[in-house]
file upload-v7.cif (mmCIF, C-alpha atoms)
data_input
#
loop_
_atom_site.label_atom_id
_atom_site.label_comp_id
_atom_site.auth_asym_id
_atom_site.auth_seq_id
_atom_site.Cartn_x
_atom_site.Cartn_y
_atom_site.Cartn_z
CA MET A 1 75.23 93.21 318.57
CA SER A 2 71.58 94.07 317.89
CA GLU A 3 69.32 91.42 316.45
CA PRO A 4 68.08 91.72 312.96
CA THR A 5 64.52 92.88 312.42
CA ILE A 6 61.95 92.74 309.71
CA ILE A 7 58.89 94.97 309.04
CA CYS A 8 55.52 93.40 308.61
CA PRO A 9 54.16 94.29 305.29
CA SER A 10 50.59 94.48 306.61
CA CYS A 11 50.84 96.40 309.83
CA LYS A 12 54.23 97.85 309.40
CA THR A 13 55.27 96.51 312.83
CA GLU A 14 58.99 95.88 313.34
CA ILE A 15 59.56 92.35 314.44
CA LYS A 16 62.86 91.07 315.81
CA LEU A 17 64.21 87.99 314.17
CA THR A 18 65.12 85.58 316.84
CA GLU A 19 66.78 82.24 316.03
CA SER A 20 63.62 80.36 316.76
CA LEU A 21 61.56 82.66 314.69
CA ALA A 22 64.04 83.10 311.82
CA ALA A 23 65.28 79.52 311.51
CA PRO A 24 62.30 78.13 309.64
CA LEU A 25 62.12 81.24 307.55
CA ILE A 26 65.82 81.14 306.80
CA GLU A 27 65.64 77.48 305.95
CA SER A 28 62.66 78.05 303.69
CA THR A 29 64.32 81.04 302.11
CA LYS A 30 67.57 79.09 301.73
CA LYS A 31 65.77 76.27 300.03
CA GLN A 32 63.99 78.66 297.75
CA PHE A 33 67.21 80.42 296.99
CA GLU A 34 69.06 77.14 296.42
CA GLU A 35 66.22 75.98 294.19
CA LYS A 36 66.49 79.19 292.22
CA ILE A 37 70.25 78.75 292.02
CA ARG A 38 69.80 75.15 290.90
CA LEU A 39 67.25 76.19 288.32
CA LYS A 40 69.50 79.04 287.28
CA ASP A 41 72.47 76.69 287.03
CA LYS A 42 70.36 74.26 285.04
CA GLU A 43 69.22 77.09 282.81
CA ILE A 44 72.81 78.21 282.37
CA TYR A 45 73.88 74.61 281.70
CA ASP A 46 71.11 74.21 279.16
CA LYS A 47 72.04 77.49 277.55
CA GLU A 48 75.68 76.42 277.46
CA ASN A 49 74.67 73.10 275.88
CA ALA A 50 72.50 74.93 273.41
CA ILE A 51 75.38 77.32 272.67
CA ARG A 52 77.78 74.37 272.25
CA LEU A 53 75.29 72.66 269.97
CA LYS A 54 74.81 75.88 268.05
CA GLU A 55 78.58 76.31 267.80
CA SER A 56 78.88 72.73 266.54
CA GLU A 57 76.19 73.35 263.96
CA LEU A 58 77.86 76.61 262.98
CA LYS A 59 81.20 74.81 262.62
CA GLU A 60 79.60 72.17 260.43
CA LYS A 61 77.88 74.81 258.34
CA GLN A 62 81.12 76.82 258.14
CA GLN A 63 83.01 73.69 257.08
CA LYS A 64 80.42 72.94 254.42
CA ILE A 65 80.53 76.55 253.27
CA ASP A 66 84.35 76.43 253.20
CA GLU A 67 84.23 73.19 251.22
CA GLN A 68 81.71 74.64 248.77
CA ILE A 69 83.78 77.80 248.43
CA SER A 70 86.96 75.74 247.94
CA LYS A 71 85.23 73.56 245.38
CA GLN A 72 83.88 76.59 243.54
CA VAL A 73 87.32 78.22 243.69
CA GLN A 74 88.96 75.05 242.29
CA GLU A 75 86.37 74.81 239.54
CA GLN A 76 86.82 78.49 238.71
CA LEU A 77 90.62 78.07 238.73
CA LYS A 78 90.29 75.07 236.46
CA ILE A 79 88.09 77.07 234.10
CA GLU A 80 90.54 80.00 234.19
CA ARG A 81 93.51 77.69 233.61
CA THR A 82 91.76 76.04 230.66
CA THR A 83 90.94 79.44 229.20
CA ILE A 84 94.52 80.68 229.69
CA SER A 85 95.93 77.45 228.22
CA LYS A 86 93.72 77.78 225.16
CA GLU A 87 94.68 81.43 224.72
CA GLU A 88 98.38 80.66 225.11
CA ALA A 89 98.10 77.69 222.74
CA SER A 90 96.31 79.87 220.20
CA LYS A 91 98.97 82.57 220.51
CA ALA A 92 101.72 79.96 220.25
CA LYS A 93 100.06 78.40 217.21
CA ILE A 94 99.75 81.79 215.49
CA ALA A 95 103.38 82.61 216.29
CA PHE A 96 104.47 79.16 215.10
CA GLU A 97 102.51 79.44 211.86
CA THR A 98 103.96 82.92 211.25
CA GLU A 99 107.47 81.67 211.91
CA LEU A 100 106.83 78.58 209.78
CA ASP A 101 105.59 80.71 206.87
CA LYS A 102 108.72 82.83 207.10
CA LYS A 103 111.00 79.78 207.23
CA SER A 104 109.11 78.17 204.33
CA LYS A 105 109.57 81.33 202.26
CA ASP A 106 113.30 81.36 203.07
CA ILE A 107 113.57 77.69 202.09
CA PHE A 108 111.69 78.36 198.84
CA ASP A 109 114.00 81.30 198.01
CA LEU A 110 117.06 79.15 198.65
CA GLN A 111 115.66 76.36 196.49
CA GLU A 112 114.98 78.84 193.66
CA ILE A 113 118.57 80.09 193.87
CA LEU A 114 119.89 76.51 193.76
CA LYS A 115 117.59 75.74 190.82
CA SER A 116 118.89 78.80 188.93
CA ARG A 117 122.49 77.79 189.61
CA ASP A 118 121.79 74.20 188.48
CA GLU A 119 120.27 75.50 185.22
CA LYS A 120 123.30 77.72 184.56
CA LEU A 121 125.62 74.79 185.32
CA ALA A 122 123.65 72.55 182.93
CA ILE A 123 123.90 75.19 180.17
CA ALA A 124 127.65 75.50 180.73
CA GLN A 125 128.07 71.72 180.66
CA LYS A 126 126.05 71.48 177.42
CA ALA A 127 128.18 74.23 175.85
CA GLU A 128 131.30 72.37 176.94
CA ALA A 129 129.99 69.11 175.43
CA ASP A 130 129.13 70.85 172.14
CA PHE A 131 132.57 72.43 171.99
CA ILE A 132 134.28 69.07 172.68
CA LYS A 133 132.24 67.51 169.87
CA LYS A 134 133.22 70.28 167.43
CA GLN A 135 136.83 70.04 168.58
CA ARG A 136 136.79 66.29 167.90
CA GLU A 137 135.37 66.90 164.41
CA LEU A 138 138.08 69.50 163.71
CA ASP A 139 140.78 67.10 164.94
CA ASP A 140 139.46 64.38 162.61
CA THR A 141 139.49 66.81 159.67
CA LYS A 142 142.99 67.94 160.60
CA ARG A 143 144.27 64.34 160.68
CA GLU A 144 142.69 63.65 157.29
CA MET A 145 144.37 66.77 155.86
CA GLU A 146 147.76 65.76 157.29
CA LEU A 147 147.42 62.26 155.84
CA THR A 148 146.50 63.78 152.47
CA ILE A 149 149.54 66.08 152.56
CA GLU A 150 151.85 63.21 153.52
CA LYS A 151 150.43 61.13 150.69
CA ARG A 152 150.96 64.01 148.26
CA ILE A 153 154.52 64.45 149.47
CA SER A 154 155.27 60.77 148.92
CA GLU A 155 153.65 60.90 145.49
CA GLY A 156 155.47 64.15 144.75
CA ILE A 157 158.82 62.64 145.68
CA ASP A 158 158.20 59.71 143.34
CA GLN A 159 156.98 62.10 140.66
CA ALA A 160 159.98 64.34 141.20
CA ARG A 161 162.35 61.41 140.84
CA SER A 162 160.59 60.30 137.68
CA MET A 163 160.59 63.83 136.30
CA ALA A 164 164.25 64.22 137.20
CA ARG A 165 165.14 61.01 135.42
CA GLN A 166 163.06 62.04 132.40
CA GLU A 167 164.57 65.51 132.45
CA ILE A 168 168.07 64.08 132.54
CA GLU A 169 167.29 61.70 129.72
CA GLU A 170 165.48 64.24 127.52
CA SER A 171 167.39 67.41 128.24
CA LEU A 172 169.95 68.70 125.82
CA ASN A 173 173.60 68.28 126.48
CA LEU A 174 173.90 72.00 126.95
CA LYS A 175 171.36 72.04 129.76
CA ILE A 176 173.01 69.02 131.26
CA ARG A 177 176.36 70.81 131.23
CA GLU A 178 174.72 73.93 132.69
CA LYS A 179 173.20 71.90 135.48
CA GLU A 180 176.41 70.04 136.02
CA GLN A 181 178.18 73.36 136.21
CA THR A 182 175.53 74.68 138.60
CA ILE A 183 175.77 71.55 140.72
CA SER A 184 179.54 71.78 140.65
CA SER A 185 179.32 75.41 141.72
CA MET A 186 176.88 74.55 144.49
CA GLN A 187 179.00 71.65 145.63
CA LYS A 188 181.99 73.92 145.67
CA GLN A 189 180.03 76.46 147.72
CA ILE A 190 178.84 73.73 150.04
CA GLU A 191 182.37 72.38 150.41
CA ASP A 192 183.61 75.88 151.15
CA LEU A 193 180.84 76.35 153.71
CA LYS A 194 181.59 72.97 155.26
CA ARG A 195 185.25 73.83 155.49
CA LYS A 196 184.46 77.17 157.08
CA ALA A 197 181.94 75.52 159.39
CA GLU A 198 184.49 72.94 160.51
CA GLN A 199 186.98 75.69 161.19
CA GLY A 200 184.52 78.04 162.87
CA SER A 201 182.11 77.87 165.79
CA GLN A 202 178.75 76.14 165.91
CA GLN A 203 177.08 79.44 165.00
CA LEU A 204 179.11 79.64 161.82
CA GLN A 205 178.13 76.06 161.04
CA GLY A 206 174.46 76.97 161.43
CA GLU A 207 174.88 80.03 159.23
CA ALA A 208 176.55 77.85 156.60
CA GLN A 209 173.53 75.55 156.51
CA GLU A 210 171.22 78.57 156.32
CA LEU A 211 173.15 79.86 153.32
CA ALA A 212 173.05 76.41 151.75
CA ILE A 213 169.26 76.24 152.14
CA GLU A 214 168.86 79.77 150.79
CA SER A 215 171.11 78.98 147.82
CA LEU A 216 169.27 75.70 147.13
CA LEU A 217 165.87 77.41 147.11
CA GLN A 218 167.09 80.26 144.90
CA THR A 219 168.58 77.81 142.43
CA LYS A 220 165.67 75.38 142.28
CA PHE A 221 162.86 77.94 142.37
CA PRO A 222 164.04 81.01 140.47
CA PHE A 223 160.50 82.47 140.17
CA ASP A 224 160.04 82.57 143.96
CA SER A 225 161.20 85.31 146.28
CA ILE A 226 163.80 83.83 148.67
CA GLU A 227 164.95 86.23 151.38
CA PRO A 228 166.62 85.85 154.79
CA VAL A 229 164.37 86.80 157.71
CA PRO A 230 165.27 90.31 158.93
CA LYS A 231 166.61 90.26 162.44
CA GLY A 232 164.22 91.50 165.11
CA GLU A 233 160.96 90.91 163.17
CA PHE A 234 160.28 87.24 163.99
CA GLY A 235 162.12 83.92 164.24
CA GLY A 236 163.13 81.63 161.40
CA ASP A 237 165.94 81.92 158.91
CA VAL A 238 164.52 82.08 155.37
CA ILE A 239 161.10 83.19 154.07
CA GLN A 240 160.03 81.80 150.68
CA GLN A 241 157.23 83.52 148.77
CA VAL A 242 155.81 80.95 146.35
CA LYS A 243 154.79 82.54 143.02
CA ASN A 244 153.09 81.11 139.96
CA SER A 245 154.10 81.70 136.34
CA THR A 246 152.33 85.08 136.32
CA GLY A 247 154.21 86.29 139.39
CA GLN A 248 151.18 86.08 141.72
CA VAL A 249 152.06 85.18 145.34
CA CYS A 250 150.37 81.86 146.22
CA GLY A 251 151.66 81.48 149.77
CA MET A 252 154.71 81.58 152.03
CA ILE A 253 156.98 78.95 153.57
CA LEU A 254 159.06 79.78 156.67
CA TRP A 255 162.34 77.83 156.85
CA GLU A 256 164.51 77.39 159.94
CA SER A 257 167.92 75.69 159.97
CA LYS A 258 169.20 73.67 162.95
CA ARG A 259 172.66 72.11 163.10
CA THR A 260 173.12 70.75 166.61
CA LYS A 261 173.99 67.39 168.13
CA ASN A 262 170.67 67.00 170.01
CA TRP A 263 167.03 67.53 169.04
CA SER A 264 164.77 69.85 171.11
CA ASP A 265 160.95 69.63 171.07
CA SER A 266 160.76 73.32 172.00
CA TRP A 267 161.78 74.21 168.42
CA ILE A 268 158.31 73.13 167.21
CA SER A 269 156.27 75.47 169.43
CA LYS A 270 158.67 78.38 168.84
CA LEU A 271 158.54 78.03 165.05
CA LYS A 272 154.71 77.84 165.19
CA ASP A 273 154.70 81.19 167.00
CA ASP A 274 157.10 82.58 164.38
CA GLN A 275 154.86 81.17 161.63
CA ARG A 276 151.86 83.09 163.00
CA ALA A 277 153.94 86.25 163.23
CA ALA A 278 155.17 85.85 159.64
CA LYS A 279 151.65 84.87 158.43
CA ALA A 280 153.19 81.93 156.59
CA GLU A 281 151.08 78.99 155.41
CA ILE A 282 153.78 76.34 156.05
CA ALA A 283 156.71 76.07 158.49
CA VAL A 284 159.72 73.75 157.96
CA ILE A 285 162.67 72.85 160.21
CA VAL A 286 165.79 71.52 158.43
CA SER A 287 167.92 69.70 161.00
CA GLN A 288 170.90 67.35 160.93
CA THR A 289 169.51 65.66 164.07
CA LEU A 290 165.90 64.41 163.86
CA PRO A 291 163.48 63.22 166.58
CA GLN A 292 163.63 59.54 167.49
CA GLY A 293 161.88 57.30 164.95
CA ILE A 294 162.17 59.74 162.00
CA ASP A 295 164.58 58.94 159.17
CA SER A 296 164.09 61.69 156.59
CA PHE A 297 160.99 63.87 157.15
CA GLU A 298 157.75 64.00 159.18
CA LEU A 299 154.88 66.36 160.10
CA ILE A 300 155.00 67.08 163.85
CA ASN A 301 152.26 69.21 165.42
CA GLY A 302 151.74 71.17 162.20
CA VAL A 303 155.46 71.76 161.49
CA TRP A 304 157.40 69.85 158.82
CA VAL A 305 160.72 68.43 160.05
CA THR A 306 163.24 67.21 157.44
CA HIS A 307 166.87 66.18 157.03
CA PRO A 308 168.96 68.34 154.66
CA LYS A 309 169.17 65.44 152.19
CA ALA A 310 165.35 65.48 151.80
CA ALA A 311 164.97 69.26 151.90
CA PHE A 312 164.62 69.72 148.13
CA PRO A 313 161.90 67.02 147.57
CA VAL A 314 159.94 68.30 150.57
CA ALA A 315 160.25 71.90 149.34
CA MET A 316 159.09 70.90 145.85
CA VAL A 317 155.99 69.05 147.11
CA LEU A 318 155.02 71.77 149.61
CA ARG A 319 155.47 74.43 146.92
CA GLN A 320 153.31 72.44 144.49
CA THR A 321 150.62 72.06 147.17
CA LEU A 322 150.47 75.84 147.67
CA LEU A 323 150.20 76.37 143.90
CA GLU A 324 147.32 73.85 143.63
CA VAL A 325 145.45 75.34 146.57
CA SER A 326 145.83 78.84 145.11
CA LEU A 327 144.61 77.62 141.73
CA ALA A 328 141.60 75.94 143.37
CA ARG A 329 140.75 79.18 145.17
CA ASN A 330 140.96 81.29 142.01
CA SER A 331 138.89 78.87 139.92
CA ALA A 332 136.17 78.66 142.58
CA THR A 333 135.62 82.43 142.80
CA GLY A 334 131.92 83.27 142.44
CA GLN A 335 130.74 79.65 142.18
CA GLN A 336 131.89 77.92 145.32
CA THR A 337 129.54 75.47 146.99
CA LYS A 338 129.38 75.11 150.75
CA MET A 339 131.64 72.06 150.67
CA GLU A 340 134.23 73.88 148.56
CA MET A 341 134.15 76.85 150.93
CA VAL A 342 134.72 74.51 153.87
CA TYR A 343 137.59 72.85 151.99
CA ASP A 344 139.13 76.23 151.20
CA TYR A 345 138.91 77.21 154.85
CA LEU A 346 140.45 73.95 156.03
CA THR A 347 143.31 74.25 153.54
CA GLY A 348 143.71 77.98 154.17
CA PRO A 349 146.60 79.53 156.11
CA ARG A 350 144.48 80.67 159.09
CA PHE A 351 142.81 77.31 159.84
CA ARG A 352 145.43 75.84 162.19
CA GLN A 353 145.97 79.19 163.88
CA ARG A 354 142.22 79.52 164.54
CA VAL A 355 142.08 75.99 166.00
CA GLU A 356 145.02 76.68 168.28
CA ALA A 357 143.41 79.94 169.46
CA ILE A 358 140.14 78.08 170.13
CA VAL A 359 141.97 75.37 172.10
CA ASP A 360 143.76 78.01 174.20
CA ALA A 361 140.45 79.83 174.85
CA PHE A 362 138.72 76.54 175.70
CA SER A 363 141.46 75.56 178.15
CA SER A 364 141.09 78.93 179.88
CA MET A 365 137.28 78.62 179.86
CA GLN A 366 137.46 75.07 181.21
CA THR A 367 139.70 76.24 184.07
CA ASP A 368 137.28 79.09 184.90
CA LEU A 369 134.32 76.69 184.68
CA GLU A 370 135.99 74.25 187.07
CA LYS A 371 136.64 77.07 189.55
CA GLU A 372 133.04 78.27 189.25
CA ARG A 373 131.75 74.70 189.72
CA LYS A 374 133.74 74.33 192.94
CA VAL A 375 132.40 77.67 194.26
CA ILE A 376 128.79 76.71 193.37
CA MET A 377 129.14 73.26 194.99
CA LYS A 378 130.55 74.89 198.12
CA GLN A 379 127.65 77.39 198.26
CA TRP A 380 125.15 74.58 197.58
CA ALA A 381 126.53 72.48 200.45
CA LYS A 382 126.46 75.50 202.78
CA ARG A 383 122.84 76.39 201.91
CA SER A 384 121.76 72.75 202.13
CA GLU A 385 123.17 72.65 205.65
CA GLN A 386 121.36 75.93 206.48
CA ILE A 387 118.06 74.50 205.18
CA GLU A 388 118.59 71.36 207.27
CA ARG A 389 119.22 73.46 210.40
CA VAL A 390 116.11 75.58 209.75
CA THR A 391 114.00 72.43 209.24
CA SER A 392 115.37 70.77 212.38
CA ALA A 393 114.76 73.92 214.45
CA THR A 394 111.20 74.18 213.09
CA ILE A 395 110.47 70.53 213.92
CA GLY A 396 111.93 71.00 217.41
CA MET A 397 109.78 74.09 218.02
CA TYR A 398 106.72 72.21 216.78
CA GLY A 399 107.49 69.32 219.16
CA ASP A 400 107.90 71.71 222.11
CA LEU A 401 104.52 73.29 221.35
CA GLN A 402 102.94 69.84 221.11
CA GLY A 403 104.35 69.01 224.53
CA ILE A 404 102.80 72.18 225.95
CA ALA A 405 99.46 72.29 224.15
CA GLY A 406 98.94 68.56 223.63
CA LYS A 407 96.28 67.46 221.17
CA SER A 408 94.78 70.94 221.11
CA LEU A 409 97.57 71.95 218.70
CA GLN A 410 96.57 71.10 215.12
CA GLU A 411 98.84 68.70 213.26
CA ILE A 412 100.98 69.93 210.38
CA GLU A 413 101.34 67.09 207.91
CA GLY A 414 104.77 67.97 206.57
CA LEU A 415 106.30 68.33 210.02
CA GLU A 416 104.59 65.17 211.30
CA LEU A 417 106.13 63.13 208.44
CA ARG A 418 109.56 64.70 209.02
CA SER A 419 109.32 63.95 212.74
CA LEU A 420 108.47 60.31 212.02
CA GLY A 421 111.34 60.12 209.55
CA SER A 422 113.81 61.53 212.07
CA SER A 423 112.60 59.13 214.78
CA SER A 424 112.93 56.07 212.53
CA GLU A 425 116.45 57.11 211.51
CA LYS A 426 117.45 57.40 215.15
#

call {"tool": "encode", "arguments": {"input": "upload-v7.cif", "output": "structure tokens"}}
result
Amino acid sequence: MSEPTIICPSCKTEIKLTESLAAPLIESTKKQFEEKIRLKDKEIYDKENAIRLKESELKEKQQKIDEQISKQVQEQLKIERTTISKEEASKAKIAFETELDKKSKDIFDLQEILKSRDEKLAIAQKAEADFIKKQRELDDTKREMELTIEKRISEGIDQARSMARQEIEESLNLKIREKEQTISSMQKQIEDLKRKAEQGSQQLQGEAQELAIESLLQTKFPFDSIEPVPKGEFGGDVIQQVKNSTGQVCGMILWESKRTKNWSDSWISKLKDDQRAAKAEIAVIVSQTLPQGIDSFELINGVWVTHPKAAFPVAMVLRQTLLEVSLARNSATGQQTKMEMVYDYLTGPRFRQRVEAIVDAFSSMQTDLEKERKVIMKQWAKRSEQIERVTSATIGMYGDLQGIAGKSLQEIEGLELRSLGSSSEK
């Protein structure tokens, strides 16, 4: 192996590097190189420390920047959330107010409907009260008229008895014999009819009494028209047209004969219907059997009920009443006062029929009114419940919005008071 050489930089002479010659140089060079390496390592170490320090500073700065950015982001988010919340609350408030206005209008419309129905009901109730008052006044007048007629009948019976006694005392023997003959003839006819009635059926007995009544009326009131009721026209047995001395018809009396063992209240209503059909002023039932508590005669629901033994006195008084009423009407022509006109109407043949028609109409109207009242009350309860549900739903919606928007939602006084009321009730 050849030895290493070096060239002299001055003379360019190649010099061999022997161990003795190169050792100090190598050592010096080694030291220099090691020193350079040490310095280089130190420089690298310092640079690494500087880099680490710089990295630490950068990390701190980055952390601060991140914190600032995060803080700014949070603040911006908070601002955005507040803005969104306000916008949503405003939208919710507008929607709530719109819905509330609509519900309020619906409630107002329902209240107006209820008010209108209440007014109509009040008018109907007032009309009913007025009609009841007038009906009561008519009933009082009717009772007074019935009492007056009963009094006249009693007075007429007494007067008839007195006149009969006077007539018997003052009449000529010839008239007495004629009447005795007439009575004898009538008694004979009655006896014959009784005999035939006893031998025949109950229908024949009734017909016998009808003939007896017809014969009695024809005998006692020869000026009047006494005719049996034609079959098929209307009920009743005999129609008596009362006439004055000039032959003018003053009224009609409808007679019906009953000869049964038991009394029936249905006879009254049936004869009243027949009376209206015949347009008679007075209706009379002659019956062997009378209602309980009646001995001879009585006025029952506008129909005179009498025993055959009292038939003639009752007929005489009723006939006289019709003559007096007719005379009063004729004398008052052209000069009647209001009171006289009212009296004429009350004593007229249509009065009781008009009252009965009014009572029937009122009963029907009262039934319809009761049905209508039930329907209205049902509708009122239903709408009241609907209003309550609308109000409760509105209050609930308002409470939900308060929970979302908090104090930023303006208070509505009416709903606040209702909410307090509901809470206190709970």

call {"tool": "atom_distance", "arguments": {"input": "upload-v7.cif", "atom1": "atom CA of Arg373 of chain A", "atom2": "atom CA of Ala122 of chain A"}}
result
10.8 Å

call {"tool": "atom_distance", "arguments": {"input": "upload-v7.cif", "atom1": "atom CA of Val242 of chain A", "atom2": "atom CA of Asp224 of chain A"}}
result
5.1 Å

call {"tool": "atom_distance", "arguments": {"input": "upload-v7.cif", "atom1": "atom CA of Glu99 of chain A", "atom2": "atom CA of Ile376 of chain A"}}
result
28.7 Å

call {"tool": "closest_residue", "arguments": {"input": "upload-v7.cif", "among": "A:Cys8, A:Ile294, A:Ile253, A:Met316", "to": "Lys272 of chain A", "atoms": "only C-alpha atoms"}}
result
A:Ile253

call {"tool": "closest_residue", "arguments": {"input": "upload-v7.cif", "among": "A:Thr13, A:Gln275, A:Phe96, A:Ile6", "to": "Gly396 of chain A", "atoms": "all atoms listed in the file"}}
result
A:Phe96

call {"tool": "residues_around", "arguments": {"input": "upload-v7.cif", "residues": "Asp118 of chain A", "least_positions_apart": "6", "cutoff": "10 Å", "atoms": "all atoms listed in the file", "output": "list in words"}}
result
Glu112, Ala124, Ile376, Met377 and Trp380 of chain A

call {"tool": "resolve_selection", "arguments": {"input": "upload-v7.cif", "expression": "the PyMOL selection byres ((chain A and resi 110) around 12)", "output": "number ranges by chain"}}
result
A: 103-109, 111-117, 379-388, 390

call {"tool": "resolve_selection", "arguments": {"input": "upload-v7.cif", "expression": "the PyMOL selection byres ((chain A and resi 307-311) around 12)", "output": "MDAnalysis selection string"}}
result
chainID A and resid 153:154 157 160 209:210 212:214 216:217 220 255:259 284:291 294:298 304:306 312:319

call {"tool": "closest_atom_pairs", "arguments": {"input": "upload-v7.cif", "of": "segment 234-288 of chain A", "to": "segment 324-331 of chain A", "cutoff": "10 Å", "atoms": "all atoms listed in the file", "output": "CSV"}}
result
residue,atom,partner,partner_atom,distance
A:Lys243,CA,A:Ser326,CA,9.9
A:Asn244,CA,A:Ser326,CA,9.2
A:Gln248,CA,A:Ser326,CA,9.6
A:Val249,CA,A:Ser326,CA,8.9
A:Cys250,CA,A:Ser326,CA,5.6
A:Gly251,CA,A:Ser326,CA,7.9

call {"tool": "resolve_selection", "arguments": {"input": "upload-v7.cif", "expression": "the PyMOL selection byres ((chain A and resi 282) around 7)", "output": "list in words"}}
result
Met252, Ile253, Leu254, Ala280, Glu281, Ala283 and Val284 of chain A

call {"tool": "build_atoms", "arguments": {"input": "upload-v7.cif", "residues": "segment 31-45 of chain A", "atoms": "N, CA and C atoms", "output": "CSV table (one decimal), keeping the file's coordinate frame"}}
result
chain,number,residue,atom,x,y,z
A,31,LYS,N,66.2,77.3,301.0
A,31,LYS,CA,65.8,76.3,300.0
A,31,LYS,C,65.3,76.9,298.7
A,32,GLN,N,64.5,78.0,298.9
A,32,GLN,CA,64.0,78.7,297.8
A,32,GLN,C,65.2,79.2,296.9
A,33,PHE,N,66.1,79.8,297.7
A,33,PHE,CA,67.2,80.4,297.0
A,33,PHE,C,68.1,79.4,296.3
A,34,GLU,N,68.3,78.2,297.0
A,34,GLU,CA,69.1,77.1,296.4
A,34,GLU,C,68.4,76.6,295.2
A,35,GLU,N,67.0,76.5,295.3
A,35,GLU,CA,66.2,76.0,294.2
A,35,GLU,C,66.4,76.9,293.0
A,36,LYS,N,66.3,78.2,293.3
A,36,LYS,CA,66.5,79.2,292.2
A,36,LYS,C,67.9,79.1,291.6
A,37,ILE,N,68.9,78.9,292.5
A,37,ILE,CA,70.2,78.8,292.0
A,37,ILE,C,70.4,77.5,291.2
A,38,ARG,N,69.7,76.4,291.7
A,38,ARG,CA,69.8,75.2,290.9
A,38,ARG,C,69.1,75.3,289.5
A,39,LEU,N,67.9,76.0,289.6
A,39,LEU,CA,67.2,76.2,288.3
A,39,LEU,C,68.1,77.1,287.4
A,40,LYS,N,68.7,78.1,288.1
A,40,LYS,CA,69.5,79.0,287.3
A,40,LYS,C,70.7,78.3,286.7
A,41,ASP,N,71.3,77.5,287.5
A,41,ASP,CA,72.5,76.7,287.0
A,41,ASP,C,72.0,75.8,285.9
A,42,LYS,N,70.9,75.2,286.1
A,42,LYS,CA,70.4,74.3,285.0
A,42,LYS,C,70.1,75.0,283.8
A,43,GLU,N,69.5,76.3,284.0
A,43,GLU,CA,69.2,77.1,282.8
A,43,GLU,C,70.5,77.5,282.1
A,44,ILE,N,71.5,77.8,283.0
A,44,ILE,CA,72.8,78.2,282.4
A,44,ILE,C,73.4,77.0,281.6
A,45,TYR,N,73.3,75.8,282.3
A,45,TYR,CA,73.9,74.6,281.7
A,45,TYR,C,73.2,74.3,280.4
